[in-house]
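Structure below is final-v4.tsv: TSV, C-alpha atoms and all ligand atoms.
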chain	number	residue	atom	x	y	z
B	119	MET	CA	0.00	0.00	0.00
B	120	GLU	CA	1.21	3.49	-0.85
B	121	ASP	CA	1.69	6.07	1.87
B	122	TYR	CA	-1.28	8.31	1.83
B	123	VAL	CA	-2.53	11.41	3.54
B	124	ALA	CA	-6.18	11.40	4.62
B	125	GLU	CA	-8.45	14.34	3.83
B	126	SER	CA	-9.30	16.57	6.77
B	127	THR	CA	-11.87	19.28	7.37
B	128	GLU	CA	-9.73	20.73	10.16
B	129	SER	CA	-7.38	23.69	9.81
B	130	MET	CA	-4.80	25.50	11.89
B	131	CYS	CA	-3.40	29.04	11.99
B	132	ALA	CA	-0.88	29.72	9.22
B	133	GLU	CA	1.25	31.50	11.82
B	134	HIS	CA	1.85	28.44	14.03
B	135	PRO	CA	4.66	27.24	11.76
B	136	THR	CA	7.89	29.21	12.36
B	137	ASP	CA	10.12	27.66	9.72
B	138	GLU	CA	10.28	29.99	6.71
B	139	HIS	CA	10.39	27.12	4.21
B	140	LEU	CA	7.37	25.45	5.81
B	141	ARG	CA	5.50	28.76	5.82
B	142	GLY	CA	6.41	29.25	2.16
B	143	ALA	CA	5.13	25.78	1.26
B	144	LEU	CA	1.80	26.47	2.97
B	145	ALA	CA	1.34	30.06	1.76
B	146	SER	CA	-0.70	29.28	-1.37
B	147	SER	CA	-3.26	27.25	0.67
B	148	VAL	CA	-4.10	29.93	3.25
B	149	VAL	CA	-7.82	30.77	3.69
B	150	LEU	CA	-9.89	32.41	6.45
B	151	GLY	CA	-11.30	29.98	9.00
B	152	LEU	CA	-11.21	28.34	12.41
B	153	CYS	CA	-8.03	26.99	14.02
B	154	VAL	CA	-8.62	23.69	15.83
B	155	LEU	CA	-5.48	24.20	17.90
B	156	CYS	CA	-6.05	27.59	19.50
B	157	GLY	CA	-9.83	27.68	18.87
B	158	GLN	CA	-9.86	31.12	17.25
B	159	SER	CA	-12.05	31.79	14.23
B	160	GLY	CA	-11.67	34.27	11.39
B	161	ARG	CA	-7.97	33.45	11.27
B	162	GLN	CA	-5.64	32.89	8.35
B	163	VAL	CA	-5.58	29.09	8.37
B	164	VAL	CA	-4.28	26.14	6.38
B	165	SER	CA	-5.87	22.72	6.10
B	166	LEU	CA	-4.25	20.06	8.29
B	167	HIS	CA	-4.28	17.84	5.21
B	168	VAL	CA	-1.86	20.26	3.51
B	169	VAL	CA	0.26	20.48	6.68
B	170	ALA	CA	0.46	16.68	6.86
B	171	ARG	CA	1.32	16.36	3.16
B	172	THR	CA	4.05	18.99	3.43
B	173	THR	CA	5.47	17.37	6.57
B	174	LEU	CA	5.51	13.96	4.90
B	175	ALA	CA	7.47	15.42	1.97
B	176	ALA	CA	10.00	16.82	4.46
B	177	VAL	CA	10.23	13.47	6.28
B	178	GLN	CA	10.97	11.72	2.99
B	179	ARG	CA	14.01	13.94	2.39
B	180	LYS	CA	15.77	12.27	5.32
B	181	PHE	CA	13.95	9.00	6.06
B	182	ASP	CA	13.02	6.04	3.93
B	183	HIS	CA	11.71	2.47	4.23
B	184	TRP	CA	14.94	0.72	3.31
B	185	GLY	CA	17.63	1.82	5.76
B	186	PHE	CA	20.95	0.16	5.10
B	187	ILE	CA	21.44	-3.60	4.77
B	188	PRO	CA	25.14	-4.25	4.18
B	189	ASP	CA	25.00	-7.95	5.08
B	190	GLU	CA	21.43	-9.25	5.11
B	191	GLU	CA	20.92	-7.44	8.37
B	192	GLN	CA	19.36	-4.02	8.89
B	193	PHE	CA	22.09	-1.68	10.07
B	194	MET	CA	19.86	1.31	10.87
B	195	PRO	CA	17.56	1.38	13.89
B	196	GLU	CA	13.85	1.50	13.05
B	197	VAL	CA	12.14	4.72	14.09
B	198	THR	CA	8.42	5.28	14.56
B	199	PHE	CA	6.66	7.77	12.33
B	200	ALA	CA	5.59	9.73	15.43
B	201	GLU	CA	9.22	10.14	16.55
B	202	ILE	CA	10.21	11.26	13.09
B	203	VAL	CA	7.41	13.80	12.80
B	204	GLU	CA	8.23	15.29	16.19
B	205	SER	CA	11.91	15.58	15.30
B	206	VAL	CA	11.05	17.22	11.98
B	207	LEU	CA	8.63	19.71	13.53
B	208	VAL	CA	10.72	20.56	16.59
B	209	ALA	CA	12.44	23.54	15.01
B	210	ALA	CA	9.66	24.28	12.51
B	211	VAL	CA	6.53	25.15	14.50
B	212	ASP	CA	5.52	27.18	17.55
B	213	ASP	CA	6.55	25.14	20.58
B	214	ASP	CA	3.16	25.60	22.28
B	215	PHE	CA	1.42	23.69	19.48
B	216	ARG	CA	4.16	21.27	18.44
B	217	LEU	CA	2.74	18.17	20.15
B	218	ASP	CA	-0.78	18.88	18.86
B	219	ILE	CA	0.43	19.42	15.30
B	220	SER	CA	2.59	16.27	15.45
B	221	ALA	CA	-0.37	14.22	16.68
B	222	LYS	CA	-2.64	15.54	13.88
B	223	VAL	CA	-0.02	14.80	11.23
B	224	VAL	CA	0.58	11.27	12.54
B	225	GLU	CA	-3.17	10.68	12.57
B	226	LEU	CA	-3.58	11.73	8.93
B	227	VAL	CA	-0.64	9.90	7.38
B	228	ARG	CA	-1.14	6.16	6.81
B	229	PHE	CA	1.50	3.69	5.79
B	230	ASP	CA	2.39	0.12	6.56
B	231	ARG	CA	6.13	0.09	6.17
B	232	PRO	CA	8.93	0.70	8.70
B	233	TRP	CA	10.92	3.95	8.67
B	234	TYR	CA	14.70	4.33	8.87
B	235	GLU	CA	17.05	7.26	8.54
B	236	ALA	CA	18.05	7.18	4.88
B	237	TYR	CA	21.56	5.95	4.21
B	238	ASP	CA	22.92	6.67	0.76
B	239	GLU	CA	25.77	4.25	0.35
B	240	ASP	CA	26.59	5.45	-3.17
B	241	ALA	CA	26.81	9.07	-2.05
B	242	GLU	CA	29.08	8.15	0.88
B	243	ALA	CA	31.28	6.14	-1.45
B	244	GLY	CA	31.22	8.96	-4.01
B	245	THR	CA	32.54	11.41	-1.43
B	246	TYR	CA	35.27	8.98	-0.41
B	247	PHE	CA	36.38	8.21	-3.96
B	248	SER	CA	36.34	11.83	-5.10
B	249	TRP	CA	38.69	12.74	-2.25
B	250	ARG	CA	40.87	9.65	-2.77
B	251	ASP	CA	41.22	10.52	-6.47
B	252	PHE	CA	42.01	14.16	-5.65
B	253	GLU	CA	44.75	13.06	-3.26
B	254	TYR	CA	46.22	10.72	-5.84
B	255	ARG	CA	46.18	13.35	-8.57
B	256	VAL	CA	47.88	16.09	-6.56
B	257	LYS	CA	50.46	13.74	-5.08
B	258	HIS	CA	51.35	11.82	-8.20
B	259	GLN	CA	50.00	13.50	-11.35
B	260	SER	CA	49.71	17.27	-11.22
B	261	ARG	CA	49.69	20.13	-8.76
B	262	LEU	CA	47.89	22.45	-11.15
B	263	LEU	CA	44.29	23.51	-10.70
B	264	LEU	CA	42.74	24.55	-14.01
B	265	PRO	CA	39.12	25.45	-14.79
B	266	PRO	CA	37.79	22.96	-17.36
B	267	VAL	CA	38.21	24.21	-20.93
B	268	GLY	CA	35.34	22.10	-22.28
B	269	GLU	CA	31.97	21.24	-20.78
B	270	ARG	CA	33.39	18.90	-18.21
B	271	ALA	CA	36.66	18.19	-16.45
B	272	VAL	CA	38.89	15.83	-18.41
B	273	THR	CA	42.50	16.28	-17.33
B	274	PRO	CA	43.82	15.82	-13.76
B	275	PRO	CA	44.31	19.62	-13.28
B	276	GLU	CA	40.70	20.17	-14.36
B	277	GLU	CA	39.32	17.45	-12.10
B	278	SER	CA	41.28	18.78	-9.13
B	279	TYR	CA	39.99	22.28	-9.88
B	280	VAL	CA	36.38	21.11	-9.73
B	281	LEU	CA	36.82	19.58	-6.27
B	282	ALA	CA	38.72	22.58	-4.86
B	283	ARG	CA	36.22	25.00	-6.39
B	284	SER	CA	33.25	23.16	-4.89
B	285	MET	CA	34.82	23.41	-1.45
B	286	VAL	CA	35.59	27.13	-1.82
B	287	ASP	CA	32.08	27.82	-3.15
B	288	PHE	CA	30.49	25.91	-0.28
B	289	VAL	CA	32.25	27.93	2.43
B	290	SER	CA	31.87	31.20	0.51
B	291	ALA	CA	28.09	30.76	0.43
B	292	ASN	CA	27.94	30.13	4.18
B	293	ASP	CA	28.65	33.02	6.54
B	294	THR	CA	29.22	30.70	9.50
B	295	PHE	CA	32.63	29.80	8.12
B	296	VAL	CA	34.03	33.32	8.30
B	297	ARG	CA	35.37	34.16	11.72
B	298	ARG	CA	36.36	37.72	12.52
B	299	LEU	CA	39.40	38.40	14.67
B	300	SER	CA	38.88	41.83	16.14
B	301	PRO	CA	41.70	44.08	17.34
B	302	GLY	CA	42.81	42.90	20.77
B	303	THR	CA	42.50	39.18	19.96
B	304	LEU	CA	45.47	37.27	21.39
B	305	LEU	CA	47.31	34.62	19.41
B	306	TYR	CA	50.13	32.39	20.62
B	307	ARG	CA	53.29	30.98	19.11
B	308	ALA	CA	55.56	28.43	20.75
B	309	ARG	CA	59.06	27.14	20.05
B	310	THR	CA	61.18	24.53	21.71
B	311	GLY	CA	64.76	23.35	21.65
B	312	ARG	CA	67.50	21.63	23.57
B	313	ASP	CA	68.34	24.75	25.61
B	314	VAL	CA	65.02	26.39	26.37
B	315	ARG	CA	66.48	29.03	28.67
B	316	ASP	CA	68.84	30.22	25.96
B	317	LEU	CA	65.95	30.18	23.48
B	318	GLU	CA	63.88	32.26	25.91
B	319	ARG	CA	66.66	34.87	26.13
B	320	ARG	CA	66.90	35.08	22.35
B	321	VAL	CA	63.12	35.36	21.96
B	322	ARG	CA	62.95	38.13	24.55
B	323	ALA	CA	65.69	40.02	22.73
B	324	ALA	CA	64.01	39.73	19.32
B	325	PRO	CA	60.44	38.34	19.58
B	326	LYS	CA	59.49	39.37	16.07
B	327	ALA	CA	62.44	37.66	14.39
B	328	GLU	CA	62.46	34.62	16.65
B	329	MET	CA	58.69	34.05	16.83
B	330	GLY	CA	57.36	35.59	13.62
B	331	PRO	CA	56.99	33.58	10.41
B	332	PRO	CA	60.22	31.78	9.46
B	333	PRO	CA	62.36	33.23	6.67
B	334	ALA	CA	61.11	32.00	3.29
B	335	HIS	CA	64.23	29.99	2.50
B	336	ALA	CA	63.95	28.15	5.83
B	337	ALA	CA	60.18	27.48	5.84
B	338	SER	CA	59.60	23.76	6.01
B	339	ALA	CA	56.55	21.97	4.64
B	340	ALA	CA	53.61	22.13	7.02
B	341	ARG	CA	49.98	21.11	7.01
B	342	LEU	CA	48.79	24.16	5.10
B	343	SER	CA	51.93	25.54	3.47
B	344	ALA	CA	54.54	23.99	1.20
B	345	ALA	CA	58.29	24.12	1.83
B	346	GLY	CA	59.56	27.60	1.00
B	347	MET	CA	56.15	29.24	1.53
B	348	PRO	CA	56.07	30.56	5.10
B	349	MET	CA	52.87	31.21	6.98
B	350	PHE	CA	52.25	32.60	10.42
B	351	TYR	CA	51.07	29.53	12.39
B	352	THR	CA	49.40	30.54	15.65
B	353	ALA	CA	47.10	28.98	18.25
B	354	LEU	CA	44.22	30.44	20.24
B	355	THR	CA	45.71	29.35	23.58
B	356	PRO	CA	49.33	29.04	24.77
B	357	GLU	CA	48.64	25.40	25.72
B	358	THR	CA	47.57	24.50	22.18
B	359	ALA	CA	50.63	26.27	20.75
B	360	CYS	CA	52.86	24.17	23.03
B	361	GLU	CA	51.06	20.91	22.31
B	362	GLU	CA	51.49	21.45	18.56
B	363	VAL	CA	55.21	22.19	18.92
B	364	ALA	CA	55.82	19.35	21.39
B	365	SER	CA	54.13	16.86	19.06
B	366	HIS	CA	56.89	17.48	16.51
B	367	SER	CA	59.82	17.48	18.94
B	368	PRO	CA	61.44	15.45	21.70
B	369	TYR	CA	61.75	18.42	24.11
B	370	ASP	CA	59.46	18.95	27.07
B	371	GLU	CA	59.63	22.69	27.57
B	372	CYS	CA	58.43	25.47	25.26
B	373	VAL	CA	58.87	29.21	24.96
B	374	VAL	CA	55.63	31.04	24.20
B	375	ALA	CA	55.10	34.54	22.84
B	376	THR	CA	51.76	36.36	22.74
B	377	PHE	CA	50.76	38.34	19.63
B	378	THR	CA	47.96	40.91	19.65
B	379	VAL	CA	45.82	41.42	16.56
B	380	GLU	CA	45.81	45.18	15.77
B	381	GLN	CA	43.69	45.35	12.59
B	382	PRO	CA	40.48	43.40	11.86
B	383	LEU	CA	41.11	40.04	10.21
B	384	ARG	CA	38.83	37.50	8.53
B	385	VAL	CA	39.70	33.85	8.76
B	386	LEU	CA	38.05	30.79	7.30
B	387	ASP	CA	36.94	28.73	10.30
B	388	LEU	CA	37.06	25.06	9.38
B	389	THR	CA	35.92	24.23	12.92
B	390	ALA	CA	32.61	26.07	12.48
B	391	ILE	CA	29.48	23.96	12.46
B	392	PRO	CA	26.89	25.43	10.10
B	393	GLU	CA	23.23	25.67	11.13
B	394	PRO	CA	21.42	22.51	10.11
B	395	MET	CA	19.33	22.98	6.96
B	396	SER	CA	15.56	22.91	7.23
B	397	LEU	CA	14.05	19.66	6.03
B	398	PHE	CA	11.26	21.80	4.56
B	399	ASP	CA	13.84	23.38	2.24
B	400	GLU	CA	13.48	21.80	-1.20
B	401	GLU	CA	17.25	22.13	-1.59
B	402	TYR	CA	17.81	19.99	1.52
B	403	THR	CA	19.07	16.89	-0.26
B	404	SER	CA	21.72	18.65	-2.36
B	405	GLY	CA	22.65	20.94	0.56
B	406	ALA	CA	23.11	18.02	2.92
B	407	GLY	CA	25.24	16.30	0.27
B	408	ARG	CA	27.51	19.33	-0.10
B	409	LEU	CA	27.84	19.57	3.67
B	410	ARG	CA	28.76	15.88	3.90
B	411	ASP	CA	31.41	16.30	1.17
B	412	PHE	CA	32.79	19.40	2.85
B	413	GLU	CA	33.03	17.74	6.28
B	414	PHE	CA	34.74	14.69	4.81
B	415	TYR	CA	37.32	16.77	2.91
B	416	ARG	CA	37.89	19.06	5.89
B	417	ASP	CA	38.56	16.09	8.18
B	418	ARG	CA	41.10	14.76	5.70
B	419	MET	CA	42.77	18.21	5.61
B	420	THR	CA	43.34	18.04	9.35
B	421	ASP	CA	44.19	14.32	9.69
B	422	ALA	CA	47.33	13.45	11.57
B	423	PHE	CA	50.18	12.12	9.46
B	424	ALA	CA	53.21	10.29	10.76
B	425	ALA	CA	56.24	12.59	10.90
B	426	ASP	CA	58.22	10.48	8.44
B	427	ASP	CA	59.60	10.96	4.94
B	428	SER	CA	56.15	10.82	3.36
B	429	GLN	CA	54.81	13.76	5.36
B	430	ALA	CA	55.74	16.40	2.77
B	431	MET	CA	53.74	14.47	0.19
B	432	GLU	CA	50.82	13.76	2.54
B	433	TYR	CA	50.42	17.47	3.17
B	434	LEU	CA	50.06	18.30	-0.56
B	435	PRO	CA	46.24	18.02	-0.77
B	436	SER	CA	45.66	20.32	2.22
B	437	GLN	CA	48.32	22.75	1.01
B	438	LEU	CA	46.67	22.99	-2.40
B	439	LEU	CA	43.21	23.52	-0.90
B	440	THR	CA	44.63	26.20	1.38
B	441	GLU	CA	45.92	28.08	-1.65
B	442	ALA	CA	42.50	27.77	-3.27
B	443	PHE	CA	40.88	29.26	-0.14
B	444	ARG	CA	43.51	31.95	0.06
B	445	TRP	CA	43.26	33.23	-3.50
B	446	TRP	CA	39.70	32.41	-4.58
B	447	THR	CA	37.58	33.68	-1.69
B	448	ALA	CA	35.98	37.12	-2.07
B	449	PRO	CA	36.32	39.14	0.03
B	450	ARG	CA	39.76	37.71	0.62
B	451	ILE	CA	40.36	35.81	3.87
B	452	HIS	CA	43.56	36.29	5.88
B	453	GLY	CA	43.99	32.80	7.29
B	454	ILE	CA	42.45	29.47	8.20
B	455	ALA	CA	41.35	28.25	11.64
B	456	TYR	CA	41.44	24.49	12.12
B	457	SER	CA	41.26	21.99	14.96
B	458	SER	CA	44.51	21.06	16.60
B	459	VAL	CA	45.47	17.43	16.06
B	460	ALA	CA	47.99	17.46	18.91
B	461	GLY	CA	45.95	19.40	21.47
B	462	ALA	CA	42.47	17.93	21.83
B	463	GLY	CA	39.83	20.64	21.56
B	464	GLY	CA	42.37	23.33	20.70
B	465	LYS	CA	42.29	25.58	17.67
B	466	ASN	CA	45.07	26.75	15.41
B	467	ILE	CA	45.02	29.69	13.06
B	468	ALA	CA	47.38	29.73	10.13
B	469	LEU	CA	47.66	33.31	8.88
B	470	PHE	CA	48.68	34.33	5.39
B	471	PHE	CA	51.43	36.69	6.54
B	472	GLU	CA	54.71	35.42	5.29
B	473	ASP	CA	57.19	37.78	6.91
B	474	TRP	CA	57.50	40.09	9.89
B	475	GLU	CA	56.90	43.39	8.14
B	476	TRP	CA	53.38	43.52	9.61
B	477	ILE	CA	54.47	42.80	13.18
B	478	GLU	CA	55.66	45.47	15.59
B	479	GLU	CA	57.48	44.95	18.87
B	480	VAL	CA	55.91	46.91	21.73
B	481	GLY	CA	58.18	49.80	22.75
B	482	ARG	CA	60.61	49.28	19.89
B	483	GLU	CA	61.05	51.26	16.71
B	484	PHE	CA	59.03	49.97	13.82
B	485	TYR	CA	61.00	48.98	10.74
B	486	ARG	CA	58.61	48.02	7.95
B	487	PHE	CA	59.56	46.23	4.74
B	488	GLY	CA	62.52	44.34	6.07
B	489	ALA	CA	62.18	41.96	3.14
B	490	PRO	CA	62.38	44.17	0.04
B	491	SER	CA	63.46	41.31	-2.20
B	492	LYS	CA	59.89	40.10	-2.72
B	493	PRO	CA	58.51	40.78	-6.22
B	494	THR	CA	55.13	42.02	-4.99
B	495	SER	CA	53.44	42.24	-1.64
B	496	PRO	CA	50.43	39.94	-1.58
B	497	MET	CA	48.84	41.93	1.25
B	498	PRO	CA	45.48	43.40	0.31
B	499	ASP	CA	45.09	47.18	0.23
B	500	GLU	CA	42.47	47.04	2.97
B	501	PHE	CA	45.08	47.26	5.73
B	502	GLU	CA	46.08	50.60	7.17
B	503	ASP	CA	49.73	51.55	7.11
B	504	ARG	CA	50.45	50.32	10.61
B	505	PRO	CA	51.13	46.93	12.19
B	506	VAL	CA	48.64	44.09	11.86
B	507	PHE	CA	50.14	42.40	14.94
B	508	THR	CA	52.16	43.49	17.96
B	509	VAL	CA	54.28	41.35	20.22
B	510	ASP	CA	55.58	42.33	23.64
B	511	ALA	CA	58.92	40.90	24.81
B	512	ALA	CA	57.45	40.94	28.32
B	513	SER	CA	54.83	38.39	27.20
B	514	VAL	CA	57.46	35.70	26.59
B	515	THR	CA	57.06	32.79	29.03
B	516	ARG	CA	57.95	29.11	29.36
B	517	TYR	CA	55.56	26.15	29.48
B	518	GLU	CA	56.24	22.59	30.48
B	519	VAL	CA	54.80	19.73	28.44
B	520	THR	CA	53.58	16.45	29.93
B	521	ARG	CA	53.47	13.46	27.63
B	522	THR	CA	51.38	10.36	28.01
B	523	VAL	CA	51.67	7.29	25.84
B	524	SER	CA	49.40	4.29	26.20
B	525	ALA	CA	49.04	1.04	24.32
B	526	ALA	CA	46.18	-1.40	23.76
B	527	ARG	CA	46.09	-4.74	22.03
B	528	THR	CA	44.39	-4.50	18.64
B	529	ASN	CA	43.99	-8.19	17.68
B	530	PRO	CA	41.59	-10.42	19.64
Y	1	ZN	ZN	-4.25	28.80	15.92

This entry written out as structure tokens:
Amino acid sequence: MEDYVAESTESMCAEHPTDEHLRGALASSVVLGLCVLCGQSGRQVVSLHVVARTTLAAVQRKFDHWGFIPDEEQFMPEVTFAEIVESVLVAAVDDDFRLDISAKVVELVRFDRPWYEAYDEDAEAGTYFSWRDFEYRVKHQSRLLLPPVGERAVTPPEESYVLARSMVDFVSANDTFVRRLSPGTLLYRARTGRDVRDLERRVRAAPKAEMGPPPAHAASAARLSAAGMPMFYTALTPETACEEVASHSPYDECVVATFTVEQPLRVLDLTAIPEPMSLFDEEYTSGAGRLRDFEFYRDRMTDAFAADDSQAMEYLPSQLLTEAFRWWTAPRIHGIAYSSVAGAGGKNIALFFEDWEWIEEVGREFYRFGAPSKPTSPMPDEFEDRPVFTVDAASVTRYEVTRTVSAARTNP
């Protein structure tokens, strides 16, 4: 038997729904009448039949009757239609009437099949393979990203472009991903070495040179920047800065310097969690698919890699995507915030400032353009002719790192 929605003579106020997509879907059915929920007459109302039909359409964007059966056994838990309807309406209707509306919808919709959260195996696999292919191409075939010349991507540079572009477009269309760093924001950098006390003295004497971005010729490959392309890697807390540094070194003490943001910055926040899309939005299915792709790619960008000879190559995909974010976003972003792999819960911000000309030491004379050998300055015009960051020698401190290693048997 097909699912079907019973006719109903009852109506409810058109203003009880709060979700704009649900309101939009009901708008063409609004008439004057009596609301069975609040009992008022002469109201703008919609038939409960239309409400039930619209809700069922929303339910079917996320739930189906098949679930996921990888091995003759249902993998997804069965959910009752009442539970589903309540979950769908929870953010979509006035809370005072939610239970009543849910009950009316459940009463009107008939079906005799079980419901499961939909699991699209092909889409999941598609996401995985598209990333796997991207990684292979940029590691082993080509590091170019080229817009397709013909109707579709054919060459490796064209295929890589399409993936990078989709990721940039997704975050560009979603305000949640842009995080503003207002003047006064504190950022932390840490360094370590065999003789931490000597390092501390040197950092105090010249915090900008010792703790600013490394000189271009000495910049090693990192998660978001290739060898020879320095970036200003910072963390939001001194602890996170130390944990990141300690994870790449055998030393247990770090020197930390605090940088103050002096001019407003925009960074792409890969740790941001966008608002969930409304199931009443007809674009839900494609939107949820883009979000799934984005989250998968982002997690791969911030995966931990062993610090061995292959690391430089393993970082290539995230380095290339970083360049896409850096040069293709409009308005231009100034860096990328991402979750710390070494420090659980911590956040790092890699800033696109490749030398110290934009950093001033508190109480010391400002010497701009200490690196005149660059062909052009990639800094946008939006900055005023004063430092973007300051660092105070008095902020330099030491932190101790505690390491824990544990082991567990992996075979039964
Ligand atoms: Zn009403």

Open item on the list: Using only C-alpha atoms for the distances, tell me which of B:Gln259, B:Thr403, B:Asn529, B:Thr420 is nearest to Phe181 (chain B).
Closed with: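 Ranked by minimum distance to Phe181 (chain B), first place goes to B:Thr403.
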
Task: Within 10 Å of ligand ZN 1 (chain Y), counting all atoms listed in the file, residues as number ranges by chain - done: B: 129-135, 151-159, 161-164, 215

Export, as an mmCIF file, in the coordinates of the input, the selected residues with C-alpha atoms.
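Once written, part.cif looks like this:
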data_model
loop_
_atom_site.group_PDB
_atom_site.id
_atom_site.type_symbol
_atom_site.label_atom_id
_atom_site.label_comp_id
_atom_site.auth_asym_id
_atom_site.auth_seq_id
_atom_site.Cartn_x
_atom_site.Cartn_y
_atom_site.Cartn_z
ATOM 1 C CA SER B 129 -7.380 23.690 9.810
ATOM 2 C CA MET B 130 -4.800 25.500 11.890
ATOM 3 C CA CYS B 131 -3.400 29.040 11.990
ATOM 4 C CA ALA B 132 -0.880 29.720 9.220
ATOM 5 C CA GLU B 133 1.250 31.500 11.820
ATOM 6 C CA HIS B 134 1.850 28.440 14.030
ATOM 7 C CA PRO B 135 4.660 27.240 11.760
ATOM 8 C CA GLY B 151 -11.300 29.980 9.000
ATOM 9 C CA LEU B 152 -11.210 28.340 12.410
ATOM 10 C CA CYS B 153 -8.030 26.990 14.020
ATOM 11 C CA VAL B 154 -8.620 23.690 15.830
ATOM 12 C CA LEU B 155 -5.480 24.200 17.900
ATOM 13 C CA CYS B 156 -6.050 27.590 19.500
ATOM 14 C CA GLY B 157 -9.830 27.680 18.870
ATOM 15 C CA GLN B 158 -9.860 31.120 17.250
ATOM 16 C CA SER B 159 -12.050 31.790 14.230
ATOM 17 C CA ARG B 161 -7.970 33.450 11.270
ATOM 18 C CA GLN B 162 -5.640 32.890 8.350
ATOM 19 C CA VAL B 163 -5.580 29.090 8.370
ATOM 20 C CA VAL B 164 -4.280 26.140 6.380
ATOM 21 C CA PHE B 215 1.420 23.690 19.480
#

- [ ] Have a look at CA of Val379 (chain B) and CA of Gly302 (chain B) and let me know their distance in Å, one decimal.
- [x]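 About the pair CA of Val379 (chain B) and CA of Gly302 (chain B): they are 5.4 Å apart.
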
Write out as a PDB file with C-alpha atoms, in the frame of the given file which residues come within 9 Å of Thr355 (chain B) when counting only C-alpha atoms, dropping same-chain ones fewer than 3 positions away.
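So the final result, stored in selection-v8.pdb, reads:
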ATOM      1  CA  LEU B 304      45.470  37.270  21.390  1.00  0.00           C
ATOM      2  CA  LEU B 305      47.310  34.620  19.410  1.00  0.00           C
ATOM      3  CA  TYR B 306      50.130  32.390  20.620  1.00  0.00           C
ATOM      4  CA  ARG B 307      53.290  30.980  19.110  1.00  0.00           C
ATOM      5  CA  THR B 352      49.400  30.540  15.650  1.00  0.00           C
ATOM      6  CA  THR B 358      47.570  24.500  22.180  1.00  0.00           C
ATOM      7  CA  ALA B 359      50.630  26.270  20.750  1.00  0.00           C
ATOM      8  CA  CYS B 360      52.860  24.170  23.030  1.00  0.00           C
ATOM      9  CA  GLY B 464      42.370  23.330  20.700  1.00  0.00           C
ATOM     10  CA  LYS B 465      42.290  25.580  17.670  1.00  0.00           C
ATOM     11  CA  ASN B 466      45.070  26.750  15.410  1.00  0.00           C
TER      12      ASN B 466
END

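Here CA of Ser260 (chain B) stands at a distance of 17.7 Å from CA of Gln429 (chain B).
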
Open item on the list: Ranking B:Gly244, B:Pro356, B:Gly453, B:Pro274 by minimum distance to Ser513 (chain B) and counting all atoms listed in the file, which one comes first?
Closed with: B:Pro356

Task: Between CA of Val227 (chain B) and CA of Tyr122 (chain B) - distance in Å to one decimal - done: 5.8 Å

Open item on the list: So, with only C-alpha atoms as the atoms that count, which of B:Ile391, B:Val314, B:Leu397, B:Ala291 lies closest to Ser205 (chain B)?
Closed with: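 Closest to Ser205 (chain B), using only C-alpha atoms: B:Leu397.
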
Excluding same-chain residues fewer than 3 positions from region 368-378 of chain B, what lies within 8 Å of it counting only C-alpha atoms, as a PDB file with C-alpha atoms, in the frame of the given file?
ATOM      1  CA  PRO B 301      41.700  44.080  17.340  1.00  0.00           C
ATOM      2  CA  GLY B 302      42.810  42.900  20.770  1.00  0.00           C
ATOM      3  CA  THR B 303      42.500  39.180  19.960  1.00  0.00           C
ATOM      4  CA  LEU B 304      45.470  37.270  21.390  1.00  0.00           C
ATOM      5  CA  LEU B 305      47.310  34.620  19.410  1.00  0.00           C
ATOM      6  CA  TYR B 306      50.130  32.390  20.620  1.00  0.00           C
ATOM      7  CA  ARG B 307      53.290  30.980  19.110  1.00  0.00           C
ATOM      8  CA  ALA B 308      55.560  28.430  20.750  1.00  0.00           C
ATOM      9  CA  ARG B 309      59.060  27.140  20.050  1.00  0.00           C
ATOM     10  CA  THR B 310      61.180  24.530  21.710  1.00  0.00           C
ATOM     11  CA  GLY B 311      64.760  23.350  21.650  1.00  0.00           C
ATOM     12  CA  ARG B 312      67.500  21.630  23.570  1.00  0.00           C
ATOM     13  CA  VAL B 314      65.020  26.390  26.370  1.00  0.00           C
ATOM     14  CA  LEU B 317      65.950  30.180  23.480  1.00  0.00           C
ATOM     15  CA  GLU B 318      63.880  32.260  25.910  1.00  0.00           C
ATOM     16  CA  PRO B 325      60.440  38.340  19.580  1.00  0.00           C
ATOM     17  CA  MET B 329      58.690  34.050  16.830  1.00  0.00           C
ATOM     18  CA  PRO B 356      49.330  29.040  24.770  1.00  0.00           C
ATOM     19  CA  ALA B 359      50.630  26.270  20.750  1.00  0.00           C
ATOM     20  CA  CYS B 360      52.860  24.170  23.030  1.00  0.00           C
ATOM     21  CA  VAL B 363      55.210  22.190  18.920  1.00  0.00           C
ATOM     22  CA  ALA B 364      55.820  19.350  21.390  1.00  0.00           C
ATOM     23  CA  SER B 365      54.130  16.860  19.060  1.00  0.00           C
ATOM     24  CA  PHE B 507      50.140  42.400  14.940  1.00  0.00           C
ATOM     25  CA  THR B 508      52.160  43.490  17.960  1.00  0.00           C
ATOM     26  CA  VAL B 509      54.280  41.350  20.220  1.00  0.00           C
ATOM     27  CA  ASP B 510      55.580  42.330  23.640  1.00  0.00           C
ATOM     28  CA  ALA B 511      58.920  40.900  24.810  1.00  0.00           C
ATOM     29  CA  SER B 513      54.830  38.390  27.200  1.00  0.00           C
ATOM     30  CA  VAL B 514      57.460  35.700  26.590  1.00  0.00           C
ATOM     31  CA  THR B 515      57.060  32.790  29.030  1.00  0.00           C
ATOM     32  CA  ARG B 516      57.950  29.110  29.360  1.00  0.00           C
ATOM     33  CA  TYR B 517      55.560  26.150  29.480  1.00  0.00           C
ATOM     34  CA  GLU B 518      56.240  22.590  30.480  1.00  0.00           C
ATOM     35  CA  VAL B 519      54.800  19.730  28.440  1.00  0.00           C
ATOM     36  CA  THR B 520      53.580  16.450  29.930  1.00  0.00           C
TER      37      THR B 520
END
